[in-house]
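**Q** Please find one structure pasted underneath; my questions will follow.
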Amino acid sequence: MNQDIEKLINSTTIVKVIDNKRRVIIFGDEYFASRFQRDQGQQIDSSSLEGSWDKKWRSFGDIWAPERQNYRFLYDSFKLFYYSFEQLRFNKLQSIQNYDDKKKILYFNYLCGVNLYGVYHHGKKCIDLLKALDLIQASNQNWDFYLKFSETRNKLIEHNFNPYDSKRQPLNLQIEPHILSLISTNSLLEIAIHKPSQERVFDVYVDYYEDYFDLEKNIGDVIKTF
């Protein structure tokens, strides 16, 4: 297996990889069923967490402190993460329901893209704030997932034009998320992997519904301990 692709698999939430030259799957299940196909799920009732937040605010009394401000940042970032996914799901279903109207499909599809980027950006910020507040440590059973979610945002979305490995060495790749793949009746983001001498050497896939629900549960569980 290509070493750079192996690094991507090990450091992100990629669930499947196709070698386009040989047209074979080199990682994952050929018949992988995405979260959208298996169980579209329901988001947590965000209002159910407000009691935990109120308890946290009371613990600070009337005193402002940088730690209190970081909790405020976490509160806002979690809300943005949550509503990014809510909008993503709404726009995805709208694009599917308007399958015979090309203009509407493209319109809702690009809205989905904006929402998807929001899920990963705000989700990673939540993780960074959880670490800054010492609410998660490397001993946490979900630590590996937190790292992979963060690196999915870093390598596959934010720095896809110049990705680096965990040692800050450049990967000899360019990574192209296919936003149009969001209109499908699954929750797999298709991502093309280009090498300097060849376009689309590999296609890799991330299940963005699964990533969202796993991180939502983990963060929600932390909030409930306040």
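By convention in this document, the chains of the structure tokens carry letters A, B, ... by their order, each chain's residues are numbered from 1, and ligands are numbered from 1 in the order they are shown.
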Could I get the residues of region 86-190 of chain A with an atom no further than 12 Å from an atom of region 17-20 of chain A, each paired with its nearest atom pair and that distance in Å to one decimal, using only C-alpha atoms, sorted by chain and residue number, as a tab-separated table?
**A**
residue	atom	partner	partner_atom	distance
A:Leu188	CA	A:Val17	CA	11.7
A:Leu189	CA	A:Val17	CA	11.8
A:Glu190	CA	A:Val17	CA	9.8
**Q** When you look at Ser46 (chain A) with a cut-off of 12 Å (counting only C-alpha atoms), what residues show up, excluding the ones that are within fewer than 5 positions of it in the same chain? I need them as a list in words.
**A** Gly51, Ser52, Trp53, Tyr75, Phe78, Lys79, Leu80, Phe81, Tyr82, Tyr83, Glu86, Glu216, Lys217, Ile219, Gly220, Ile223 and Lys224 of chain A
**Q** Sorted by chain and rising residue number, which residues of region 99-152 of chain A lie within 9 Å of region 3-13 of chain A, and what are their closest atom pairs and distances in Å to one decimal, counting only C-alpha atoms, as JSON lines?
**A**
{"residue": "A:Asp144", "atom": "CA", "partner": "A:Ser11", "partner_atom": "CA", "distance": 8.8}
{"residue": "A:Phe145", "atom": "CA", "partner": "A:Thr13", "partner_atom": "CA", "distance": 7.8}
{"residue": "A:Leu147", "atom": "CA", "partner": "A:Ser11", "partner_atom": "CA", "distance": 7.4}
{"residue": "A:Lys148", "atom": "CA", "partner": "A:Thr12", "partner_atom": "CA", "distance": 4.2}
{"residue": "A:Phe149", "atom": "CA", "partner": "A:Thr13", "partner_atom": "CA", "distance": 6.2}
{"residue": "A:Ser150", "atom": "CA", "partner": "A:Thr12", "partner_atom": "CA", "distance": 7.7}
{"residue": "A:Glu151", "atom": "CA", "partner": "A:Thr12", "partner_atom": "CA", "distance": 5.4}
{"residue": "A:Thr152", "atom": "CA", "partner": "A:Thr12", "partner_atom": "CA", "distance": 4.8}
**Q** Those same residues, written as a PDB file, in the first residue's frame with C-alpha atoms?
**A**
ATOM      1  CA  ASP A 144      -7.956   7.767  19.277  1.00  0.00           C
ATOM      2  CA  PHE A 145     -11.275   8.898  17.799  1.00  0.00           C
ATOM      3  CA  LEU A 147      -7.348  12.521  17.205  1.00  0.00           C
ATOM      4  CA  LYS A 148      -8.734  10.981  14.024  1.00  0.00           C
ATOM      5  CA  PHE A 149     -11.679  13.392  13.864  1.00  0.00           C
ATOM      6  CA  SER A 150      -9.269  16.317  14.255  1.00  0.00           C
ATOM      7  CA  GLU A 151      -6.972  14.997  11.563  1.00  0.00           C
ATOM      8  CA  THR A 152      -9.907  14.398   9.206  1.00  0.00           C
TER       9      THR A 152
END
**Q** Looking only at alpha helix (DSSP H) from DSSP on the backbone, list the matching residues of region 21-212 of chain A as a VMD selection string.
**A** chain A and resid 35 to 38 50 to 60 66 to 97 102 to 132 143 to 151 208 to 212
**Q** Report the residues of region 18-200 of chain A whose backbone DSSP state falls under strand (DSSP E or B), written as a list in words.
**A**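 These are the residues in question: Ile18, Asp19, Val24, Ile25, Ile26, Phe27, Tyr164, Pro170, Gln174, Ile175, Glu176, Pro177, Leu188, Leu189, Glu190, Ile191, Ala192, Ile193, His194, Lys195, Gln198, Glu199 and Arg200 of chain A.
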**Q** So, counting only C-alpha atoms, which residue among A:Leu49, A:Ser77, A:Ala132, A:Pro177 is closest to Asp221 (chain A)?
**A** A:Leu49
**Q** Report as CSV: every residue of region 68-116 of chain A with an atom at most 12 Å from region 135-138 of chain A, its closest pair of atoms, and their distance in Å to one decimal, counting only C-alpha atoms, with rows sorted by chain and ascending residue number.
**A**
residue,atom,partner,partner_atom,distance
A:Asn70,CA,A:Leu135,CA,11.7
A:Tyr71,CA,A:Leu135,CA,10.7
A:Leu74,CA,A:Leu135,CA,11.2
